[in-house]
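K.L.:
Structure: model-v3.txt, compact mmCIF, C-alpha atoms and all ligand atoms.
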# COMPACT_ATOMS: atom_id res chain seq x y z
CA MET A 1 23.78 6.38 10.43
CA ASP A 2 24.01 5.10 6.89
CA TRP A 3 23.26 1.92 5.10
CA ARG A 4 26.34 -0.16 4.34
CA CYS A 5 26.95 -1.80 1.03
CA ASP A 6 28.05 -5.06 2.61
CA THR A 7 24.38 -5.63 3.46
CA VAL A 8 23.98 -6.51 -0.21
CA LEU A 9 26.81 -8.97 -0.20
CA GLU A 10 26.05 -10.55 3.15
CA GLY A 11 24.58 -14.01 2.69
CA MET A 12 25.86 -14.05 -0.87
CA PRO A 13 28.69 -16.56 -1.06
CA ASP A 14 31.49 -15.76 -3.51
CA ALA A 15 30.57 -18.90 -5.41
CA SER A 16 27.20 -17.47 -6.37
CA LEU A 17 28.71 -14.34 -7.93
CA PRO A 18 29.36 -14.35 -11.67
CA VAL A 19 33.10 -15.01 -12.02
CA VAL A 20 33.74 -11.86 -14.04
CA LEU A 21 32.72 -9.69 -11.07
CA THR A 22 35.37 -11.30 -8.90
CA GLU A 23 38.15 -10.32 -11.36
CA SER A 24 38.20 -6.56 -10.55
CA PRO A 25 36.63 -5.68 -13.91
CA ARG A 26 35.82 -2.26 -15.32
CA VAL A 27 32.05 -1.75 -15.20
CA VAL A 28 29.74 1.13 -16.10
CA VAL A 29 26.72 2.21 -14.05
CA THR A 30 24.28 4.68 -15.59
CA GLY A 31 22.03 6.60 -13.19
CA CYS A 32 24.69 6.22 -10.48
CA ALA A 33 23.46 9.22 -8.45
CA GLY A 34 19.97 7.78 -8.12
CA PHE A 35 18.36 5.63 -5.47
CA ILE A 36 19.20 2.13 -6.74
CA GLY A 37 22.26 3.10 -8.82
CA SER A 38 24.08 4.60 -5.83
CA HIS A 39 23.64 1.39 -3.81
CA LEU A 40 24.79 -0.66 -6.78
CA CYS A 41 27.96 1.43 -7.14
CA GLU A 42 28.82 0.82 -3.49
CA ALA A 43 28.34 -2.93 -3.88
CA LEU A 44 30.49 -3.02 -7.03
CA LEU A 45 33.25 -0.99 -5.35
CA ALA A 46 33.11 -3.35 -2.37
CA LEU A 47 33.63 -6.22 -4.80
CA GLY A 48 36.79 -4.59 -6.18
CA CYS A 49 35.39 -3.33 -9.51
CA GLU A 50 36.65 -0.22 -11.36
CA VAL A 51 33.38 1.71 -11.64
CA THR A 52 32.58 4.45 -14.17
CA GLY A 53 29.31 6.06 -13.18
CA ILE A 54 27.35 8.47 -15.35
CA ASP A 55 24.45 10.63 -14.23
CA CYS A 56 23.29 14.03 -15.44
CA VAL A 57 21.58 14.71 -12.08
CA THR A 58 18.18 15.62 -13.51
CA ASP A 59 15.94 17.85 -11.41
CA TYR A 60 12.98 15.40 -11.41
CA TYR A 61 13.50 15.44 -7.65
CA ASP A 62 15.67 17.51 -5.30
CA THR A 63 19.19 17.27 -6.74
CA SER A 64 20.74 17.70 -3.29
CA LEU A 65 19.49 14.19 -2.49
CA LYS A 66 21.45 12.84 -5.46
CA ARG A 67 24.53 14.80 -4.31
CA GLU A 68 24.12 13.16 -0.91
CA ASN A 69 23.98 9.73 -2.55
CA LEU A 70 27.10 10.49 -4.59
CA ALA A 71 28.99 11.76 -1.56
CA THR A 72 29.01 8.28 -0.02
CA PHE A 73 31.19 6.73 -2.75
CA CYS A 74 32.29 9.33 -5.28
CA ASP A 75 35.74 9.84 -3.73
CA HIS A 76 36.54 6.15 -3.84
CA PRO A 77 39.85 5.62 -5.72
CA ARG A 78 38.25 3.11 -8.08
CA MET A 79 35.26 5.36 -8.88
CA THR A 80 35.07 7.73 -11.86
CA PHE A 81 31.98 9.93 -11.96
CA LEU A 82 30.84 11.68 -15.14
CA GLU A 83 28.16 14.30 -14.68
CA ARG A 84 26.88 13.97 -18.23
CA ASP A 85 23.73 13.10 -20.15
CA ILE A 86 23.92 9.72 -21.93
CA ASN A 87 22.37 11.39 -24.97
CA ASP A 88 25.27 13.88 -25.17
CA VAL A 89 28.32 11.65 -24.71
CA ASP A 90 30.29 9.46 -27.08
CA ALA A 91 28.68 6.21 -25.94
CA VAL A 92 31.36 4.00 -27.52
CA GLU A 93 34.05 5.86 -25.58
CA LEU A 94 31.98 5.50 -22.40
CA LEU A 95 31.50 1.75 -22.71
CA ALA A 96 34.78 0.66 -24.38
CA GLY A 97 36.54 -1.96 -22.28
CA ALA A 98 33.66 -2.46 -19.85
CA ARG A 99 32.93 -6.06 -18.85
CA ALA A 100 29.45 -5.20 -17.60
CA VAL A 101 27.10 -2.27 -18.10
CA PHE A 102 24.35 -1.64 -15.56
CA HIS A 103 21.84 0.70 -17.20
CA LEU A 104 19.67 2.30 -14.50
CA ALA A 105 19.44 5.87 -15.81
CA ALA A 106 15.84 6.75 -16.57
CA GLN A 107 13.07 9.23 -16.11
CA ALA A 108 11.21 7.50 -13.29
CA GLY A 109 7.68 8.17 -12.03
CA VAL A 110 4.30 6.96 -13.23
CA ARG A 111 2.19 10.00 -12.39
CA ALA A 112 4.44 12.61 -14.01
CA SER A 113 4.54 10.66 -17.28
CA TRP A 114 1.17 12.00 -18.48
CA GLY A 115 1.06 15.27 -20.40
CA GLY A 116 3.83 17.66 -21.35
CA GLN A 117 6.77 15.84 -19.74
CA PHE A 118 6.43 12.78 -21.98
CA GLY A 119 9.34 13.97 -24.13
CA ASP A 120 11.65 13.51 -21.12
CA TYR A 121 10.45 9.89 -20.83
CA LEU A 122 11.17 9.25 -24.50
CA ASP A 123 14.63 10.87 -24.37
CA ARG A 124 15.78 9.41 -21.06
CA ASN A 125 14.18 5.96 -21.24
CA VAL A 126 14.04 5.04 -24.92
CA GLN A 127 16.58 7.19 -26.79
CA ALA A 128 19.30 6.85 -24.14
CA THR A 129 18.90 3.05 -24.08
CA GLN A 130 19.05 2.85 -27.87
CA ARG A 131 22.29 4.90 -27.92
CA LEU A 132 23.94 2.58 -25.41
CA LEU A 133 22.82 -0.55 -27.25
CA GLU A 134 24.13 0.83 -30.56
CA ALA A 135 27.47 1.45 -28.85
CA CYS A 136 27.50 -2.18 -27.66
CA LYS A 137 27.75 -3.27 -31.31
CA ASP A 138 31.08 -1.48 -31.73
CA PRO A 139 34.00 -3.96 -31.63
CA SER A 140 35.80 -1.95 -28.91
CA VAL A 141 32.78 -2.51 -26.67
CA ALA A 142 31.52 -5.89 -27.91
CA GLU A 143 34.88 -7.61 -27.45
CA GLY A 144 34.94 -7.45 -23.66
CA LEU A 145 31.26 -7.06 -22.79
CA VAL A 146 29.86 -9.94 -20.79
CA ARG A 147 26.46 -8.39 -20.02
CA PHE A 148 24.31 -5.30 -20.44
CA VAL A 149 21.89 -5.30 -17.50
CA TYR A 150 18.85 -3.11 -18.06
CA SER A 151 16.63 -1.88 -15.22
CA SER A 152 13.13 -2.56 -16.47
CA SER A 153 10.00 -2.33 -14.36
CA SER A 154 6.91 -4.22 -13.22
CA SER A 155 5.00 -1.30 -14.75
CA ILE A 156 5.34 -3.03 -18.13
CA TYR A 157 2.71 -5.54 -16.93
CA GLY A 158 -0.06 -2.99 -16.30
CA ASP A 159 -3.19 -3.50 -14.22
CA ARG A 160 -3.79 -7.23 -14.00
CA THR A 161 -5.58 -10.00 -12.20
CA ASP A 162 -3.42 -12.99 -13.29
CA LEU A 163 -1.19 -12.75 -10.22
CA PRO A 164 1.50 -13.63 -9.39
CA VAL A 165 2.53 -12.57 -12.89
CA SER A 166 5.18 -14.44 -14.84
CA GLU A 167 7.51 -13.13 -17.54
CA ALA A 168 5.45 -15.05 -20.13
CA ALA A 169 2.40 -12.81 -19.57
CA LEU A 170 1.52 -10.33 -22.30
CA PRO A 171 2.87 -6.89 -21.27
CA GLN A 172 0.13 -4.25 -21.14
CA PRO A 173 1.54 -1.04 -19.58
CA PHE A 174 -1.00 1.19 -17.84
CA SER A 175 1.01 4.43 -17.92
CA PRO A 176 3.19 6.31 -20.42
CA TYR A 177 6.15 5.58 -18.13
CA GLY A 178 5.45 1.84 -18.48
CA VAL A 179 5.25 2.19 -22.26
CA THR A 180 8.74 3.73 -22.41
CA LYS A 181 10.22 1.14 -20.01
CA LEU A 182 8.77 -1.62 -22.17
CA ALA A 183 10.02 -0.02 -25.39
CA ALA A 184 13.55 0.05 -23.97
CA GLU A 185 13.22 -3.56 -22.79
CA HIS A 186 12.17 -4.58 -26.30
CA LEU A 187 15.24 -2.77 -27.64
CA CYS A 188 17.44 -4.83 -25.30
CA VAL A 189 15.87 -8.06 -26.49
CA LEU A 190 16.12 -7.20 -30.18
CA TYR A 191 19.74 -5.94 -30.01
CA GLY A 192 20.43 -9.31 -28.38
CA ALA A 193 18.58 -11.30 -31.01
CA ASN A 194 19.88 -9.36 -34.03
CA PHE A 195 23.39 -8.34 -33.04
CA GLY A 196 24.33 -10.67 -30.20
CA VAL A 197 24.46 -7.92 -27.55
CA PRO A 198 24.17 -9.94 -24.32
CA THR A 199 21.35 -8.29 -22.34
CA SER A 200 19.44 -9.07 -19.16
CA SER A 201 16.36 -7.04 -18.28
CA LEU A 202 15.24 -6.86 -14.66
CA ARG A 203 11.59 -6.04 -14.02
CA TYR A 204 11.76 -4.58 -10.50
CA PHE A 205 8.64 -4.57 -8.36
CA THR A 206 8.42 -1.40 -6.19
CA VAL A 207 11.89 -0.96 -4.71
CA TYR A 208 12.17 0.61 -1.25
CA GLY A 209 14.82 1.16 1.42
CA PRO A 210 17.31 3.85 2.47
CA ARG A 211 17.70 6.65 -0.14
CA GLN A 212 14.33 5.83 -1.68
CA ARG A 213 13.21 8.53 -4.12
CA PRO A 214 11.16 11.28 -2.47
CA ASP A 215 8.30 10.80 -4.95
CA MET A 216 7.79 7.19 -3.84
CA ALA A 217 5.10 6.28 -1.34
CA PHE A 218 7.05 5.12 1.74
CA ARG A 219 9.48 8.02 1.60
CA LYS A 220 6.59 10.46 1.15
CA PHE A 221 4.72 8.96 4.13
CA LEU A 222 7.78 9.09 6.36
CA GLU A 223 8.74 12.66 5.46
CA ALA A 224 5.10 13.75 5.91
CA ALA A 225 4.92 12.14 9.36
CA LEU A 226 8.11 13.91 10.43
CA ASP A 227 6.59 17.19 9.21
CA GLY A 228 3.43 16.52 11.26
CA LYS A 229 1.32 16.12 8.11
CA PRO A 230 -1.31 13.45 7.36
CA TRP A 231 -0.70 10.48 5.09
CA LEU A 232 -2.38 10.95 1.71
CA VAL A 233 -3.50 7.51 0.53
CA TYR A 234 -4.73 7.24 -3.07
CA GLY A 235 -7.49 4.62 -3.08
CA ASP A 236 -8.80 2.77 -0.01
CA GLY A 237 -5.51 1.18 1.07
CA SER A 238 -6.47 -2.33 -0.03
CA GLN A 239 -4.22 -2.15 -3.11
CA THR A 240 -1.31 -4.59 -2.93
CA ARG A 241 2.35 -4.42 -3.91
CA ASP A 242 5.25 -6.80 -4.08
CA PHE A 243 7.83 -4.59 -2.34
CA THR A 244 11.51 -5.26 -3.06
CA PHE A 245 14.24 -4.13 -0.67
CA VAL A 246 16.97 -2.20 -2.48
CA ALA A 247 19.73 -4.65 -1.49
CA ASP A 248 17.78 -7.40 -3.24
CA ALA A 249 17.46 -5.29 -6.39
CA VAL A 250 21.23 -4.72 -6.29
CA ARG A 251 21.90 -8.42 -5.81
CA ALA A 252 19.69 -9.23 -8.80
CA ASN A 253 21.88 -6.90 -10.90
CA LEU A 254 25.03 -8.73 -9.84
CA LEU A 255 23.54 -12.14 -10.55
CA ALA A 256 22.11 -11.02 -13.91
CA VAL A 257 25.67 -10.59 -15.23
CA GLY A 258 25.89 -14.40 -15.24
CA ALA A 259 22.57 -15.05 -16.98
CA PRO A 260 22.72 -18.20 -19.10
CA HIS A 261 20.74 -16.75 -22.03
CA PRO A 262 21.84 -13.99 -24.40
CA TRP A 263 18.72 -11.83 -23.95
CA ALA A 264 16.95 -12.69 -20.74
CA VAL A 265 14.05 -10.99 -18.93
CA TYR A 266 13.46 -11.52 -15.20
CA ASN A 267 11.01 -10.46 -12.50
CA VAL A 268 12.71 -9.06 -9.39
CA GLY A 269 10.34 -9.11 -6.43
CA GLY A 270 10.55 -9.02 -2.67
CA GLY A 271 8.83 -12.34 -2.10
CA ALA A 272 5.57 -11.18 -0.48
CA CYS A 273 2.40 -9.38 -1.47
CA ILE A 274 1.39 -6.70 1.07
CA THR A 275 -1.59 -4.33 1.19
CA LEU A 276 -0.82 -0.66 1.58
CA THR A 277 -2.87 -0.65 4.80
CA GLU A 278 -0.69 -3.43 6.27
CA ALA A 279 2.45 -1.57 5.28
CA LEU A 280 1.20 1.64 6.87
CA GLU A 281 0.32 -0.12 10.13
CA MET A 282 3.83 -1.50 10.34
CA MET A 283 5.29 1.89 9.44
CA ARG A 284 3.28 3.52 12.21
CA ASP A 285 4.65 0.97 14.72
CA TYR A 286 8.26 1.46 13.63
CA LEU A 287 7.89 5.22 13.61
CA GLY A 288 6.46 4.99 17.12
CA GLU A 289 9.61 3.20 18.27
CA GLU A 290 11.83 5.90 16.74
CA ALA A 291 9.67 8.94 17.52
CA PRO A 292 6.87 8.13 20.03
CA ASP A 293 5.11 11.53 19.62
CA LEU A 294 4.29 10.92 15.97
CA VAL A 295 0.82 9.51 15.30
CA PRO A 296 0.04 10.25 11.64
CA THR A 297 -3.56 10.32 10.46
CA ILE A 298 -4.65 9.02 7.06
CA ASP A 299 -6.40 11.18 4.47
CA TYR A 300 -7.93 8.99 1.72
CA GLN A 301 -7.93 10.43 -1.82
CA ASN A 302 -9.17 9.21 -5.22
CA ARG A 303 -7.05 6.68 -7.07
CA VAL A 304 -4.62 8.31 -9.54
CA GLU A 305 -4.54 7.62 -13.31
CA GLY A 306 -1.78 5.19 -14.23
CA ASP A 307 -1.54 3.60 -10.76
CA VAL A 308 -2.25 -0.12 -10.95
CA ARG A 309 -4.27 -1.86 -8.24
CA ASP A 310 -2.11 -4.86 -7.51
CA THR A 311 1.36 -6.17 -8.33
CA TRP A 312 2.93 -9.50 -7.43
CA ALA A 313 5.91 -11.19 -9.09
CA ASP A 314 6.14 -14.85 -9.92
CA PRO A 315 9.72 -15.35 -8.68
CA SER A 316 10.39 -18.78 -10.20
CA HIS A 317 12.25 -17.81 -13.41
CA ILE A 318 14.94 -15.70 -11.73
CA HIS A 319 15.25 -18.26 -8.95
CA ASP A 320 15.68 -21.17 -11.35
CA GLU A 321 18.11 -19.42 -13.71
CA LEU A 322 20.10 -17.09 -11.44
CA GLY A 323 19.55 -18.52 -7.96
CA TYR A 324 17.98 -15.21 -6.84
CA LYS A 325 15.66 -15.23 -3.87
CA ALA A 326 14.73 -12.07 -1.96
CA ALA A 327 16.87 -12.08 1.18
CA VAL A 328 15.37 -9.19 3.14
CA PRO A 329 11.86 -9.78 4.56
CA PHE A 330 9.46 -6.87 4.28
CA ALA A 331 9.31 -6.19 8.02
CA GLU A 332 13.09 -5.95 8.22
CA GLY A 333 13.44 -3.81 5.09
CA LEU A 334 10.75 -1.38 6.17
CA ARG A 335 12.34 -1.04 9.59
CA ARG A 336 15.64 -0.14 7.90
CA GLU A 337 14.01 2.53 5.74
CA VAL A 338 12.16 4.05 8.71
CA ALA A 339 15.36 4.13 10.78
CA TRP A 340 17.32 5.70 7.90
CA VAL A 341 14.78 8.45 7.18
CA VAL A 342 14.45 9.35 10.87
CA ALA A 343 18.23 9.35 11.43
CA ARG A 344 18.82 11.47 8.32
CA ARG A 345 16.28 14.06 9.44
CA ARG A 346 17.71 14.15 12.98
CA ALA A 347 21.22 14.63 11.60
CA ARG A 348 19.94 17.71 9.75
CA GLY A 349 18.27 19.14 12.82
N1 LIG A 401 12.61 2.56 -7.65
C1 LIG A 401 11.75 1.65 -8.11
O1 LIG A 401 10.87 1.17 -7.37
C2 LIG A 401 11.84 1.15 -9.51
C3 LIG A 401 10.90 0.18 -9.93
C4 LIG A 401 10.99 -0.30 -11.23
C5 LIG A 401 11.98 0.13 -12.08
N2 LIG A 401 12.87 1.08 -11.65
C6 LIG A 401 13.92 1.50 -12.59
O2 LIG A 401 15.16 1.43 -11.90
C7 LIG A 401 16.03 2.46 -12.36
C8 LIG A 401 16.55 3.28 -11.19
O3 LIG A 401 15.44 3.84 -10.51
P1 LIG A 401 15.61 4.80 -9.27
O4 LIG A 401 14.40 4.66 -8.44
O5 LIG A 401 16.96 4.62 -8.69
O6 LIG A 401 15.51 6.23 -10.00
P2 LIG A 401 16.33 7.58 -9.78
O7 LIG A 401 15.54 8.65 -10.47
O8 LIG A 401 16.68 7.78 -8.36
O9 LIG A 401 17.67 7.32 -10.59
C9 LIG A 401 17.77 7.48 -12.00
C10 LIG A 401 18.96 8.39 -12.29
O10 LIG A 401 19.14 8.48 -13.72
C11 LIG A 401 19.61 9.78 -14.01
N3 LIG A 401 19.36 10.02 -15.44
C12 LIG A 401 18.15 10.09 -16.05
N4 LIG A 401 18.31 10.28 -17.37
C13 LIG A 401 19.64 10.34 -17.61
C14 LIG A 401 20.44 10.51 -18.78
N5 LIG A 401 19.88 10.68 -19.99
N6 LIG A 401 21.78 10.53 -18.65
C15 LIG A 401 22.36 10.37 -17.44
N7 LIG A 401 21.66 10.20 -16.28
C16 LIG A 401 20.32 10.18 -16.37
C17 LIG A 401 18.85 10.69 -13.07
O11 LIG A 401 19.52 11.91 -12.83
C18 LIG A 401 18.76 9.83 -11.80
O12 LIG A 401 19.76 10.16 -10.86
C19 LIG A 401 15.23 3.25 -13.38
O13 LIG A 401 15.54 2.74 -14.67
C20 LIG A 401 13.78 2.94 -13.04
O14 LIG A 401 12.93 3.06 -14.17
C21 LIG A 401 12.83 1.58 -10.40
Here is the file; what I need is its structure written in the form of structure tokens.
Ligand SMILES: NC(=O)c1ccc[n+]([C@@H]2O[C@H](COP(=O)([O-])OP(=O)(O)OC[C@H]3O[C@@H](n4cnc5c(N)ncnc54)[C@H](O)[C@@H]3O)[C@@H](O)[C@H]2O)c1

P.N.:
Amino acid sequence: MDWRCDTVLEGMPDASLPVVLTESPRVVVTGCAGFIGSHLCEALLALGCEVTGIDCVTDYYDTSLKRENLATFCDHPRMTFLERDINDVDAVELLAGARAVFHLAAQAGVRASWGGQFGDYLDRNVQATQRLLEACKDPSVAEGLVRFVYSSSSSIYGDRTDLPVSEAALPQPFSPYGVTKLAAEHLCVLYGANFGVPTSSLRYFTVYGPRQRPDMAFRKFLEAALDGKPWLVYGDGSQTRDFTFVADAVRANLLAVGAPHPWAVYNVGGGACITLTEALEMMRDYLGEEAPDLVPTIDYQNRVEGDVRDTWADPSHIHDELGYKAAVPFAEGLRREVAWVVARRRARG
């Protein structure tokens, strides 16, 4: 069983899509082998786009998972995949003629961003973004480019109490990862303001769903349960998150191409604020339906440096400007992730 890209497009009338995406344009997706990027490629191919995807398949997590993601769309006749590092390619050549660039490539992960790996965060999050934005100034790119959509993060907000948080709040990242995501977002805004590069930055709030990264909480809990291991919860479980289903994150990317402002910043949330304990109770129920023998226990651990306590997006700006509203309720999205993880494991014996 696999997740189908038309889930993203379902409930999204053609009229709400930016016109350029209905004209079979050439588009570029960076980070196309990753969790969100692979879903986005499928949606763009389903729309009729010519997609050039670039991903250097970093080993931050098991590369075979990225190969699995790629396998679902890489052979499509309108897909060109470049297994290259953004920092090593001629970025002007990569972007020339593209109508939209979706920049998802990044070094993800809050916890790993402390210490010796910080150089990877600078190279992959800041330097790579700067190279792409510089290329956008070149006439061969600038001429046709309608929008550069940057995948930012709710981690730029930091640990806050003024929730739900709006885009007008002062960013105060709480982890080195958040600092690099914010630096790249600032680059997008200032290349827009100084050179007219049309950018939209999307601050995703915890994205989940099929193909979720194995370092993210739900995927870790599900894989642990299937291995008969306990659930390691950092903190007491009362921390809250605004969880965003991956199809909604993809849809926000499509809509952001039509943003009315030249350098816009938007929250992308799932529409509800859930405690981790609530999420785990639901996960236990869904797992029980799929695999009745599994009854995971919870092992509480100390909170980890860089993890914020609560997140919750004020959704009004993206709703008012782009017509985005999360379409997949949390219960439904979580059920889909549970079913996908269980089916994938069964298929592998
Ligand atoms: N998943 C979430 O909950 C979440 C939340 C907020 C923001 N984001 C952002 O969304 C984007 C996608 O996240 P994801 O969860 O799909 O991550 P992911 O790690 O699955 O995908 C990122 C991909 O980028 C590739 N990459 C990294 N550096 C590269 C480079 N220099 N050149 C080419 N490829 C490179 C990696 O190999 C990887 O496949 C990232 O920018 C991330 O910061 C994700």

K.L.:
Return the single residue from A:Gly109, A:Gly323, A:Pro260, A:Pro315 that is closest to A:Val165, with distances computed using all atoms listed in the file.

P.N.:
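Checking each candidate against A:Val165, we get A:Pro315 as the closest.
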
K.L.:
Please, which residues have at least one atom within 8 Å of an atom of ligand LIG 401 (chain A), using all atoms listed in the file, listed as a PyMOL selection string?

P.N.:
chain A and resi 30-38+54-61+66+83-87+103-109+123-125+128+150-155+181+203-208+212-213+216+244

K.L.:
Tell me, counting all atoms listed in the file, for each residue of stretch 276-339 of chain A within 12 Å of stretch 197-201 of chain A, which pair of atoms is nearest and how far apart they are in Å to one decimal, in rows ordered by chain and increasing number, as JSON lines.

P.N.:
{"residue": "A:Ile318", "atom": "CA", "partner": "A:Ser200", "partner_atom": "CA", "distance": 10.9}
{"residue": "A:Glu321", "atom": "CA", "partner": "A:Ser200", "partner_atom": "CA", "distance": 11.8}
{"residue": "A:Leu322", "atom": "CA", "partner": "A:Ser200", "partner_atom": "CA", "distance": 11.2}

K.L.:
Tell me, in Å to one decimal, how far atom CA of A:Ala183 is from atom CA of A:Ala217.

P.N.:
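Pair atom CA of A:Ala183 / atom CA of A:Ala217 returns 25.3 Å.
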
K.L.:
Using all atoms listed in the file, which residues sit within 6 Å of stretch 133-146 of chain A once same-chain residues fewer than 6 positions away are excluded, as a list of chain:residue names?

P.N.:
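The filter keeps A:Ala91, A:Val92, A:Leu95, A:Ala96, A:Gly97, A:Ala98, A:Arg99, A:Ala100.
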
K.L.:
With the input short on atoms, add N, CA and C atoms back to stretch 284-298 of chain A and write it as a PDB file, keeping the file's coordinate frame.

P.N.:
ATOM      1  N   ARG A 284       3.698   2.753  11.036  1.00  0.00           N
ATOM      2  CA  ARG A 284       3.280   3.520  12.210  1.00  0.00           C
ATOM      3  C   ARG A 284       3.946   2.946  13.477  1.00  0.00           C
ATOM      4  N   ASP A 285       4.000   1.601  13.551  1.00  0.00           N
ATOM      5  CA  ASP A 285       4.650   0.970  14.720  1.00  0.00           C
ATOM      6  C   ASP A 285       6.133   1.319  14.777  1.00  0.00           C
ATOM      7  N   TYR A 286       6.812   1.198  13.641  1.00  0.00           N
ATOM      8  CA  TYR A 286       8.260   1.460  13.630  1.00  0.00           C
ATOM      9  C   TYR A 286       8.554   2.922  13.916  1.00  0.00           C
ATOM     10  N   LEU A 287       7.703   3.788  13.336  1.00  0.00           N
ATOM     11  CA  LEU A 287       7.890   5.220  13.610  1.00  0.00           C
ATOM     12  C   LEU A 287       7.717   5.499  15.094  1.00  0.00           C
ATOM     13  N   GLY A 288       6.723   4.823  15.685  1.00  0.00           N
ATOM     14  CA  GLY A 288       6.460   4.990  17.120  1.00  0.00           C
ATOM     15  C   GLY A 288       7.658   4.614  17.966  1.00  0.00           C
ATOM     16  N   GLU A 289       8.409   3.596  17.525  1.00  0.00           N
ATOM     17  CA  GLU A 289       9.610   3.200  18.270  1.00  0.00           C
ATOM     18  C   GLU A 289      10.691   4.273  18.158  1.00  0.00           C
ATOM     19  N   GLU A 290      10.792   4.889  16.972  1.00  0.00           N
ATOM     20  CA  GLU A 290      11.830   5.900  16.740  1.00  0.00           C
ATOM     21  C   GLU A 290      11.425   7.266  17.306  1.00  0.00           C
ATOM     22  N   ALA A 291      10.154   7.599  17.143  1.00  0.00           N
ATOM     23  CA  ALA A 291       9.670   8.940  17.520  1.00  0.00           C
ATOM     24  C   ALA A 291       8.262   8.786  18.109  1.00  0.00           C
ATOM     25  N   PRO A 292       8.157   8.484  19.420  1.00  0.00           N
ATOM     26  CA  PRO A 292       6.870   8.130  20.030  1.00  0.00           C
ATOM     27  C   PRO A 292       5.783   9.202  19.884  1.00  0.00           C
ATOM     28  N   ASP A 293       6.155  10.479  19.698  1.00  0.00           N
ATOM     29  CA  ASP A 293       5.110  11.530  19.620  1.00  0.00           C
ATOM     30  C   ASP A 293       4.348  11.496  18.298  1.00  0.00           C
ATOM     31  N   LEU A 294       4.895  10.830  17.294  1.00  0.00           N
ATOM     32  CA  LEU A 294       4.290  10.920  15.970  1.00  0.00           C
ATOM     33  C   LEU A 294       3.160   9.910  15.798  1.00  0.00           C
ATOM     34  N   VAL A 295       1.946  10.409  15.562  1.00  0.00           N
ATOM     35  CA  VAL A 295       0.820   9.510  15.300  1.00  0.00           C
ATOM     36  C   VAL A 295       0.106  10.037  14.046  1.00  0.00           C
ATOM     37  N   PRO A 296       0.621   9.669  12.854  1.00  0.00           N
ATOM     38  CA  PRO A 296       0.040  10.250  11.640  1.00  0.00           C
ATOM     39  C   PRO A 296      -1.387   9.782  11.390  1.00  0.00           C
ATOM     40  N   THR A 297      -2.195  10.684  10.865  1.00  0.00           N
ATOM     41  CA  THR A 297      -3.560  10.320  10.460  1.00  0.00           C
ATOM     42  C   THR A 297      -3.554  10.053   8.957  1.00  0.00           C
ATOM     43  N   ILE A 298      -4.603   9.359   8.489  1.00  0.00           N
ATOM     44  CA  ILE A 298      -4.650   9.020   7.060  1.00  0.00           C
ATOM     45  C   ILE A 298      -5.768   9.812   6.394  1.00  0.00           C
TER      46      ILE A 298
END
